[in-house]
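Text of upload-v2.tsv, listed as TSV, C-alpha atoms and all ligand atoms:
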```
chain	number	residue	atom	x	y	z
A	111	MET	CA	-2.69	-25.89	14.04
A	112	THR	CA	-5.68	-23.86	12.78
A	113	SER	CA	-5.44	-21.73	9.66
A	114	LYS	CA	-5.45	-18.59	11.85
A	115	GLU	CA	-2.61	-19.91	14.03
A	116	ARG	CA	-0.68	-20.87	10.93
A	117	ALA	CA	-1.12	-17.40	9.44
A	118	VAL	CA	0.02	-15.71	12.65
A	119	GLU	CA	3.06	-18.00	12.71
A	120	VAL	CA	3.89	-16.87	9.17
A	121	LEU	CA	3.63	-13.23	10.27
A	122	ASP	CA	5.86	-13.85	13.30
A	123	ILE	CA	8.54	-15.35	11.06
A	124	LEU	CA	8.25	-12.60	8.43
A	125	GLU	CA	8.53	-10.00	11.19
A	126	LYS	CA	11.87	-11.50	12.24
A	127	THR	CA	12.97	-11.78	8.61
A	128	TYR	CA	12.04	-8.18	7.75
A	129	PRO	CA	12.39	-6.21	11.01
A	130	HIS	CA	12.47	-2.91	9.14
A	131	ALA	CA	9.44	-3.53	6.92
A	132	ARG	CA	7.58	-0.26	6.56
A	133	ILE	CA	6.01	1.89	3.92
A	134	ALA	CA	8.63	2.95	1.38
A	135	LEU	CA	7.09	6.34	0.56
A	136	ASP	CA	8.54	9.40	2.31
A	137	PHE	CA	6.03	11.68	4.07
A	138	SER	CA	5.68	13.77	7.21
A	139	ASN	CA	1.90	14.28	7.42
A	140	PRO	CA	-1.34	12.72	6.09
A	141	LEU	CA	-1.61	15.16	3.14
A	142	GLU	CA	1.91	14.31	1.97
A	143	LEU	CA	1.15	10.60	2.21
A	144	LEU	CA	-2.05	11.05	0.23
A	145	VAL	CA	-0.15	12.89	-2.51
A	146	ALA	CA	2.71	10.36	-2.57
A	147	THR	CA	0.28	7.44	-2.73
A	148	VAL	CA	-1.64	8.98	-5.63
A	149	LEU	CA	1.67	9.47	-7.46
A	150	SER	CA	2.77	5.89	-6.76
A	151	ALA	CA	0.16	4.40	-9.12
A	152	GLN	CA	2.07	2.68	-11.95
A	153	CYS	CA	5.32	4.16	-10.59
A	154	THR	CA	8.09	3.00	-8.26
A	155	ASP	CA	8.27	4.32	-4.72
A	156	VAL	CA	11.89	5.33	-5.40
A	157	ARG	CA	10.80	7.58	-8.26
A	158	VAL	CA	7.99	9.09	-6.18
A	159	ASN	CA	10.45	9.87	-3.39
A	160	GLN	CA	12.64	11.72	-5.89
A	161	VAL	CA	9.73	13.92	-6.95
A	162	THR	CA	8.00	14.70	-3.67
A	163	PRO	CA	10.59	16.87	-1.86
A	164	VAL	CA	10.12	19.69	-4.38
A	165	LEU	CA	6.38	19.09	-4.53
A	166	PHE	CA	5.92	19.14	-0.75
A	167	THR	CA	7.85	22.41	-0.54
A	168	ARG	CA	5.84	24.03	-3.33
A	169	TYR	CA	2.40	22.84	-2.08
A	170	ARG	CA	2.02	22.68	1.69
A	171	THR	CA	-1.77	22.65	2.14
A	172	ALA	CA	-4.88	21.17	0.55
A	173	ARG	CA	-5.81	24.65	-0.66
A	174	ALA	CA	-2.44	24.98	-2.38
A	175	TYR	CA	-3.25	21.88	-4.43
A	176	ALA	CA	-6.80	23.13	-5.04
A	177	GLU	CA	-5.43	26.37	-6.45
A	178	ALA	CA	-2.43	24.88	-8.24
A	179	ASP	CA	-1.66	25.81	-11.80
A	180	LEU	CA	-2.33	22.54	-13.59
A	181	GLN	CA	0.55	22.88	-16.05
A	182	GLU	CA	3.07	23.67	-13.33
A	183	LEU	CA	1.87	20.73	-11.24
A	184	GLU	CA	2.02	18.42	-14.26
A	185	GLY	CA	5.59	19.49	-14.89
A	186	LEU	CA	6.63	18.68	-11.33
A	187	ILE	CA	5.15	15.17	-11.40
A	188	ARG	CA	5.76	14.32	-15.06
A	189	SER	CA	8.37	11.62	-14.35
A	190	THR	CA	5.88	9.55	-12.28
A	191	GLY	CA	3.84	8.77	-15.41
A	192	PHE	CA	0.14	9.37	-16.11
A	193	PHE	CA	0.94	12.88	-14.90
A	194	ARG	CA	-2.10	14.59	-16.41
A	195	ASN	CA	-4.56	12.30	-14.62
A	196	LYS	CA	-2.56	12.47	-11.41
A	197	ALA	CA	-2.37	16.28	-11.51
A	198	ARG	CA	-6.14	16.52	-12.03
A	199	ALA	CA	-6.70	14.09	-9.16
A	200	LEU	CA	-4.46	16.11	-6.82
A	201	VAL	CA	-6.21	19.38	-7.67
A	202	GLY	CA	-9.61	17.71	-7.29
A	203	ALA	CA	-8.67	16.10	-3.98
A	204	GLY	CA	-7.30	19.43	-2.76
A	205	GLN	CA	-10.62	21.12	-3.60
A	206	VAL	CA	-12.71	18.50	-1.75
A	207	LEU	CA	-10.38	18.54	1.25
A	208	ASP	CA	-10.48	22.32	1.38
A	209	GLU	CA	-14.24	22.65	0.89
A	210	LYS	CA	-15.57	19.67	2.86
A	211	HIS	CA	-12.94	18.77	5.42
A	212	GLY	CA	-11.39	22.07	6.47
A	213	GLY	CA	-8.18	21.18	4.65
A	214	LYS	CA	-7.67	18.03	6.71
A	215	VAL	CA	-7.31	14.53	5.29
A	216	PRO	CA	-10.28	12.53	6.65
A	217	GLU	CA	-9.91	9.43	8.79
A	218	THR	CA	-12.62	7.17	7.41
A	219	ILE	CA	-12.55	4.87	4.40
A	220	GLU	CA	-15.82	6.36	3.13
A	221	ASP	CA	-14.59	9.97	3.16
A	222	LEU	CA	-11.19	8.99	1.77
A	223	THR	CA	-12.56	6.98	-1.15
A	224	ALA	CA	-14.87	9.88	-2.01
A	225	LEU	CA	-11.78	11.96	-2.90
A	226	PRO	CA	-10.79	12.16	-6.58
A	227	GLY	CA	-8.01	9.70	-7.40
A	228	VAL	CA	-8.30	7.85	-4.09
A	229	GLY	CA	-9.32	4.20	-4.25
A	230	ARG	CA	-9.60	1.68	-1.47
A	231	LYS	CA	-5.90	0.81	-1.57
A	232	THR	CA	-4.78	4.43	-1.19
A	233	ALA	CA	-7.36	4.98	1.56
A	234	ASN	CA	-6.04	2.00	3.51
A	235	VAL	CA	-2.44	3.20	3.07
A	236	ILE	CA	-3.43	6.51	4.67
A	237	LEU	CA	-5.48	4.99	7.50
A	238	GLY	CA	-2.78	2.52	8.46
A	239	ASN	CA	0.32	4.65	8.00
A	240	ALA	CA	-0.75	8.24	8.66
A	241	TYR	CA	-3.38	7.62	11.34
A	242	GLY	CA	-2.37	4.31	12.91
A	243	ILE	CA	-5.84	2.87	12.24
A	244	PRO	CA	-5.45	-0.84	11.36
A	245	ALA	CA	-5.97	-1.25	7.61
A	246	MET	CA	-5.15	-3.99	5.11
A	247	VAL	CA	-3.57	-2.71	1.91
A	248	VAL	CA	-3.97	-5.14	-0.99
A	249	ASP	CA	-1.47	-4.40	-3.74
A	250	THR	CA	-0.05	-6.74	-6.35
A	251	HIS	CA	2.43	-8.32	-3.88
A	252	VAL	CA	-0.15	-8.84	-1.13
A	253	LYS	CA	-2.51	-10.34	-3.69
A	254	ARG	CA	0.09	-12.79	-5.01
A	255	VAL	CA	1.75	-13.81	-1.74
A	256	SER	CA	-1.48	-14.23	0.22
A	257	GLY	CA	-2.83	-16.39	-2.58
A	258	ARG	CA	0.26	-18.59	-2.59
A	259	LEU	CA	0.07	-18.92	1.18
A	260	GLY	CA	-3.50	-20.15	0.85
A	261	TRP	CA	-4.94	-17.20	2.78
A	262	THR	CA	-7.41	-16.37	0.02
A	263	ARG	CA	-8.79	-17.92	-3.14
A	264	HIS	CA	-10.10	-14.66	-4.52
A	265	ARG	CA	-8.57	-12.35	-7.13
A	266	ASP	CA	-10.74	-9.34	-6.40
A	267	PRO	CA	-8.80	-7.00	-4.02
A	268	VAL	CA	-11.90	-6.17	-1.96
A	269	LYS	CA	-12.60	-9.86	-1.35
A	270	ILE	CA	-8.92	-10.53	-0.60
A	271	GLU	CA	-8.96	-7.69	1.92
A	272	ALA	CA	-12.02	-9.21	3.60
A	273	ASP	CA	-10.39	-12.67	3.71
A	274	LEU	CA	-7.15	-11.35	5.23
A	275	CYS	CA	-8.98	-9.17	7.75
A	276	SER	CA	-11.01	-12.13	9.00
A	277	LEU	CA	-7.92	-14.37	9.14
A	278	LEU	CA	-5.57	-12.04	11.00
A	279	PRO	CA	-5.79	-10.06	14.26
A	280	ARG	CA	-6.92	-6.47	13.67
A	281	GLU	CA	-3.86	-4.96	15.35
A	282	ARG	CA	-1.63	-6.69	12.79
A	283	TRP	CA	-3.43	-5.69	9.60
A	284	THR	CA	-1.19	-2.73	8.69
A	285	ASP	CA	2.02	-4.64	9.34
A	286	THR	CA	0.71	-7.64	7.40
A	287	SER	CA	0.63	-5.53	4.25
A	288	HIS	CA	4.20	-4.30	4.80
A	289	LEU	CA	5.51	-7.79	5.48
A	290	LEU	CA	3.83	-9.39	2.47
A	291	ILE	CA	5.05	-6.57	0.23
A	292	TRP	CA	8.63	-6.97	1.45
A	293	HIS	CA	8.41	-10.76	1.13
A	294	GLY	CA	6.91	-10.41	-2.35
A	295	ARG	CA	9.70	-8.10	-3.46
A	296	GLY	CA	12.52	-10.07	-1.85
A	297	ILE	CA	11.71	-13.80	-2.06
A	298	CYS	CA	8.16	-14.63	-3.16
A	299	LYS	CA	8.67	-12.92	-6.52
A	300	ALA	CA	6.05	-12.99	-9.24
A	301	LEU	CA	7.89	-15.06	-11.85
A	302	THR	CA	10.58	-16.75	-9.78
A	303	PRO	CA	9.57	-17.37	-6.15
A	304	GLN	CA	12.64	-18.50	-4.25
A	305	CYS	CA	10.92	-21.22	-2.27
A	306	SER	CA	14.21	-23.00	-1.44
A	307	ILE	CA	15.32	-20.08	0.76
A	308	CYS	CA	11.86	-19.00	1.96
A	309	PRO	CA	11.61	-18.84	5.76
A	310	VAL	CA	7.90	-19.72	5.71
A	311	ALA	CA	8.10	-22.53	3.14
A	312	HIS	CA	7.09	-25.11	5.76
A	313	LEU	CA	3.85	-23.19	6.29
A	314	CYS	CA	3.12	-22.57	2.60
A	315	PRO	CA	0.74	-24.94	0.82
A	316	ARG	CA	2.40	-24.25	-2.52
A	317	GLU	CA	5.77	-25.46	-1.29
A	318	GLY	CA	4.20	-28.27	0.75
A	319	VAL	CA	2.59	-29.63	-2.43
A	320	LYS	CA	5.92	-29.56	-4.25
A	321	ARG	CA	7.74	-31.34	-1.43
A	322	SER	CA	5.15	-34.12	-1.20
A	323	ARG	CA	5.48	-34.96	-4.92
A	401	LIG	FE1	6.23	-17.80	-1.74
A	401	LIG	FE2	7.49	-20.12	-2.17
A	401	LIG	FE3	7.65	-18.92	0.20
A	401	LIG	FE4	5.37	-20.04	-0.57
A	401	LIG	S1	7.31	-21.11	-0.17
A	401	LIG	S2	5.62	-18.02	0.41
A	401	LIG	S3	5.40	-19.61	-2.78
A	401	LIG	S4	8.48	-18.14	-1.76
```
The structure given in the file should be rewritten as structure tokens.
Amino acid sequence: MTSKERAVEVLDILEKTYPHARIALDFSNPLELLVATVLSAQCTDVRVNQVTPVLFTRYRTARAYAEADLQELEGLIRSTGFFRNKARALVGAGQVLDEKHGGKVPETIEDLTALPGVGRKTANVILGNAYGIPAMVVDTHVKRVSGRLGWTRHRDPVKIEADLCSLLPRERWTDTSHLLIWHGRGICKALTPQCSICPVAHLCPREGVKRSR
């Protein structure tokens, strides 16, 4: 079995294990997903989902964020942490969207990463989940689990993204992120990976090494 076939086999198994794996942030359009993803930095998705209903009702367009009163916006997102930086990023992103993109969230990684507060991870979240454009999101879970599975030897997220994209079929990139995140949260945990109940243990070099000792 080649490394690509092995990786696809892992995905097939994880898909059966986590049939409902999807993004955990609530949103109904690309702007809402952009805002939720910016807020999710250093914050749980659960907390973000508690904050966004009021926010999405108060600010419905990019211009609304561009013209937001900074103090009011800060107050609404305070519980997500780093609220001053996040509020500035949302106002800044709203201004660029309004002035350069007609209020629409762009659909390219270059335009997305040019927005204040939007890095490569956030851009890929938007491409994959709001626009259905295959994109590999590398967060802490994807980084850890893909490393343990032997899919990458890098620690730099950009290099990990490149490794995973060359290993896996393009049409599966977005789902790969969801599956590795769910597996990382549920079984392949940071401090205590539960290898004894892991459905892909037989395809994982880390577990294979342990079993051959
Ligand atoms: Fe993670 Fe262990 Fe499963 Fe490998 S066998 S993917 S290290 S839980």
Distance limit 7 Å, reference ligand LIG 401 (chain A), atoms considered: all atoms listed in the file. Which residues make the cut? Give them as a PyMOL selection string. chain A and resi 255+258-259+297-298+303-305+308-311+314-317
Produce a file of the selected residues containing C-alpha atoms, as a PDB file, in the coordinates of the input.
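As written to disk, result.pdb reads:
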```pdb
ATOM      1  CA  VAL A 255       1.750 -13.810  -1.740  1.00  0.00           C
ATOM      2  CA  ARG A 258       0.260 -18.590  -2.590  1.00  0.00           C
ATOM      3  CA  LEU A 259       0.070 -18.920   1.180  1.00  0.00           C
ATOM      4  CA  ILE A 297      11.710 -13.800  -2.060  1.00  0.00           C
ATOM      5  CA  CYS A 298       8.160 -14.630  -3.160  1.00  0.00           C
ATOM      6  CA  PRO A 303       9.570 -17.370  -6.150  1.00  0.00           C
ATOM      7  CA  GLN A 304      12.640 -18.500  -4.250  1.00  0.00           C
ATOM      8  CA  CYS A 305      10.920 -21.220  -2.270  1.00  0.00           C
ATOM      9  CA  CYS A 308      11.860 -19.000   1.960  1.00  0.00           C
ATOM     10  CA  PRO A 309      11.610 -18.840   5.760  1.00  0.00           C
ATOM     11  CA  VAL A 310       7.900 -19.720   5.710  1.00  0.00           C
ATOM     12  CA  ALA A 311       8.100 -22.530   3.140  1.00  0.00           C
ATOM     13  CA  CYS A 314       3.120 -22.570   2.600  1.00  0.00           C
ATOM     14  CA  PRO A 315       0.740 -24.940   0.820  1.00  0.00           C
ATOM     15  CA  ARG A 316       2.400 -24.250  -2.520  1.00  0.00           C
ATOM     16  CA  GLU A 317       5.770 -25.460  -1.290  1.00  0.00           C
TER      17      GLU A 317
END
```
How far is it from CA of Cys275 (chain A) to CA of Ile307 (chain A), in Å with one decimal?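 If I compute the distance from CA of Cys275 (chain A) to CA of Ile307 (chain A), I get 27.5 Å.
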Using all atoms listed in the file, which protein or nucleic acid residues come within 10 Å of Arg188 (chain A)? Drop anything in the same chain fewer than 6 positions from it, and give the result as an mmCIF file with C-alpha atoms, in the coordinates of the input.
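selection-v2.cif was written with the following content:
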```cif
data_model
loop_
_atom_site.group_PDB
_atom_site.id
_atom_site.type_symbol
_atom_site.label_atom_id
_atom_site.label_comp_id
_atom_site.auth_asym_id
_atom_site.auth_seq_id
_atom_site.Cartn_x
_atom_site.Cartn_y
_atom_site.Cartn_z
ATOM 1 C CA LEU A 149 1.670 9.470 -7.460
ATOM 2 C CA VAL A 161 9.730 13.920 -6.950
ATOM 3 C CA GLU A 182 3.070 23.670 -13.330
ATOM 4 C CA ARG A 194 -2.100 14.590 -16.410
ATOM 5 C CA LYS A 196 -2.560 12.470 -11.410
ATOM 6 C CA ALA A 197 -2.370 16.280 -11.510
#
```
Quick one: everything within 8 Å of region 226-231 of chain A, counting all atoms listed in the file, minus sequence neighbours fewer than 3 positions away in the same chain. Send it as a PyMOL selection string. chain A and resi 148+196+199-200+202-203+219+222-223+234-235+247-249
Within 10 Å of Val156 (chain A), counting only C-alpha atoms, which residues qualify if same-chain residues fewer than 6 places away don't, as a list in words? Ala134, Leu135, Asp136 and Ser150 of chain A
So that all listed atoms of region 181-190 of chain A fit with 6 Å spare on each side, what axis-aligned box centre and edge lengths in Å, to one decimal, would you give as JSON?
```
{"center_x": 4.5, "center_y": 16.6, "center_z": -13.6, "size_x": 19.8, "size_y": 26.1, "size_z": 16.8}
```
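A straight line drawn from CA of His211 (chain A) to CA of Tyr169 (chain A) is 17.6 Å long.
A straight line drawn from CA of Asp179 (chain A) to CA of Val201 (chain A) is 8.9 Å long.
Closest approach to Val118 (chain A) from the set A:Arg157, A:Arg254, A:Arg280, A:Lys299 is made by A:Arg280, with distances taken over all atoms listed in the file.
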Restricting the calculation to all atoms listed in the file: of A:Ile291, A:Ala176, A:Met111, A:Leu301, which residue gets closest to His251 (chain A)?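 Looking only at the distances to His251 (chain A), the closest residue turns out to be A:Ile291.
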Fewer than 4 positions away in the same chain doesn't count, so skip those; otherwise give me all residues within 8 Å of Arg282 (chain A), counting only C-alpha atoms, as a PyMOL selection string. chain A and resi 244+278+286
For a quick check of understanding, using all atoms listed in the file, which of A:Pro140, A:Asp221, A:Tyr128, A:Tyr241 has the smallest distance to Arg295 (chain A)?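 For Arg295 (chain A), the nearest of the given residues is A:Tyr128.
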Which polymer residues, whether protein, DNA or RNA, lie within 12 Å of the coordinate (-10.7, 22.0, 0.1) when you count all atoms listed in the file? List them as number ranges by chain, using the chain letters and numbers from the file. A: 141, 171-177, 200-216, 225-226
Please, which residues are within 6 Å of (6.7, 14.2, 2.0) by the file's coordinates, counting all atoms listed in the file, and could they come as a PDB file with C-alpha atoms, keeping the file's coordinate frame?
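For reference, part_5.pdb as written:
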```pdb
ATOM      1  CA  ASP A 136       8.540   9.400   2.310  1.00  0.00           C
ATOM      2  CA  PHE A 137       6.030  11.680   4.070  1.00  0.00           C
ATOM      3  CA  SER A 138       5.680  13.770   7.210  1.00  0.00           C
ATOM      4  CA  GLU A 142       1.910  14.310   1.970  1.00  0.00           C
ATOM      5  CA  THR A 162       8.000  14.700  -3.670  1.00  0.00           C
ATOM      6  CA  PHE A 166       5.920  19.140  -0.750  1.00  0.00           C
TER       7      PHE A 166
END
```
Residue rebuild result region 249-263 of chain A, N, CA, C and O atoms as a PDB file, in the frame of the given file:
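As a result, rebuild24.pdb now contains:
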```pdb
ATOM      1  N   ASP A 249      -2.102  -4.771  -2.466  1.00  0.00           N
ATOM      2  CA  ASP A 249      -1.470  -4.400  -3.740  1.00  0.00           C
ATOM      3  C   ASP A 249      -1.113  -5.686  -4.482  1.00  0.00           C
ATOM      4  O   ASP A 249      -1.504  -6.779  -4.061  1.00  0.00           O
ATOM      5  N   THR A 250      -0.354  -5.557  -5.541  1.00  0.00           N
ATOM      6  CA  THR A 250      -0.050  -6.740  -6.350  1.00  0.00           C
ATOM      7  C   THR A 250       0.739  -7.798  -5.565  1.00  0.00           C
ATOM      8  O   THR A 250       0.535  -9.002  -5.739  1.00  0.00           O
ATOM      9  N   HIS A 251       1.638  -7.355  -4.664  1.00  0.00           N
ATOM     10  CA  HIS A 251       2.430  -8.320  -3.880  1.00  0.00           C
ATOM     11  C   HIS A 251       1.549  -9.025  -2.839  1.00  0.00           C
ATOM     12  O   HIS A 251       1.639 -10.245  -2.660  1.00  0.00           O
ATOM     13  N   VAL A 252       0.730  -8.258  -2.156  1.00  0.00           N
ATOM     14  CA  VAL A 252      -0.150  -8.840  -1.130  1.00  0.00           C
ATOM     15  C   VAL A 252      -1.101  -9.846  -1.790  1.00  0.00           C
ATOM     16  O   VAL A 252      -1.333 -10.945  -1.269  1.00  0.00           O
ATOM     17  N   LYS A 253      -1.596  -9.464  -2.946  1.00  0.00           N
ATOM     18  CA  LYS A 253      -2.510 -10.340  -3.690  1.00  0.00           C
ATOM     19  C   LYS A 253      -1.827 -11.678  -4.015  1.00  0.00           C
ATOM     20  O   LYS A 253      -2.359 -12.749  -3.740  1.00  0.00           O
ATOM     21  N   ARG A 254      -0.629 -11.585  -4.584  1.00  0.00           N
ATOM     22  CA  ARG A 254       0.090 -12.790  -5.010  1.00  0.00           C
ATOM     23  C   ARG A 254       0.526 -13.657  -3.822  1.00  0.00           C
ATOM     24  O   ARG A 254       0.265 -14.862  -3.775  1.00  0.00           O
ATOM     25  N   VAL A 255       1.180 -13.034  -2.845  1.00  0.00           N
ATOM     26  CA  VAL A 255       1.750 -13.810  -1.740  1.00  0.00           C
ATOM     27  C   VAL A 255       0.644 -14.423  -0.879  1.00  0.00           C
ATOM     28  O   VAL A 255       0.729 -15.592  -0.477  1.00  0.00           O
ATOM     29  N   SER A 256      -0.407 -13.670  -0.607  1.00  0.00           N
ATOM     30  CA  SER A 256      -1.480 -14.230   0.220  1.00  0.00           C
ATOM     31  C   SER A 256      -2.172 -15.377  -0.495  1.00  0.00           C
ATOM     32  O   SER A 256      -2.585 -16.357   0.134  1.00  0.00           O
ATOM     33  N   GLY A 257      -2.259 -15.288  -1.818  1.00  0.00           N
ATOM     34  CA  GLY A 257      -2.830 -16.390  -2.580  1.00  0.00           C
ATOM     35  C   GLY A 257      -1.966 -17.632  -2.499  1.00  0.00           C
ATOM     36  O   GLY A 257      -2.452 -18.744  -2.272  1.00  0.00           O
ATOM     37  N   ARG A 258      -0.662 -17.446  -2.653  1.00  0.00           N
ATOM     38  CA  ARG A 258       0.260 -18.590  -2.590  1.00  0.00           C
ATOM     39  C   ARG A 258       0.248 -19.236  -1.206  1.00  0.00           C
ATOM     40  O   ARG A 258       0.412 -20.444  -1.069  1.00  0.00           O
ATOM     41  N   LEU A 259       0.081 -18.394  -0.181  1.00  0.00           N
ATOM     42  CA  LEU A 259       0.070 -18.920   1.180  1.00  0.00           C
ATOM     43  C   LEU A 259      -1.254 -19.611   1.522  1.00  0.00           C
ATOM     44  O   LEU A 259      -1.392 -20.201   2.599  1.00  0.00           O
ATOM     45  N   GLY A 260      -2.207 -19.509   0.618  1.00  0.00           N
ATOM     46  CA  GLY A 260      -3.500 -20.150   0.850  1.00  0.00           C
ATOM     47  C   GLY A 260      -4.416 -19.347   1.752  1.00  0.00           C
ATOM     48  O   GLY A 260      -5.365 -19.877   2.316  1.00  0.00           O
ATOM     49  N   TRP A 261      -4.123 -18.043   1.892  1.00  0.00           N
ATOM     50  CA  TRP A 261      -4.940 -17.200   2.780  1.00  0.00           C
ATOM     51  C   TRP A 261      -6.202 -16.709   2.088  1.00  0.00           C
ATOM     52  O   TRP A 261      -7.100 -16.205   2.715  1.00  0.00           O
ATOM     53  N   THR A 262      -6.234 -16.783   0.771  1.00  0.00           N
ATOM     54  CA  THR A 262      -7.410 -16.370   0.020  1.00  0.00           C
ATOM     55  C   THR A 262      -7.446 -17.124  -1.296  1.00  0.00           C
ATOM     56  O   THR A 262      -6.399 -17.520  -1.810  1.00  0.00           O
ATOM     57  N   ARG A 263      -8.676 -17.307  -1.818  1.00  0.00           N
ATOM     58  CA  ARG A 263      -8.790 -17.920  -3.140  1.00  0.00           C
ATOM     59  C   ARG A 263      -9.326 -16.897  -4.142  1.00  0.00           C
ATOM     60  O   ARG A 263      -9.589 -17.217  -5.292  1.00  0.00           O
TER      61      ARG A 263
END
```
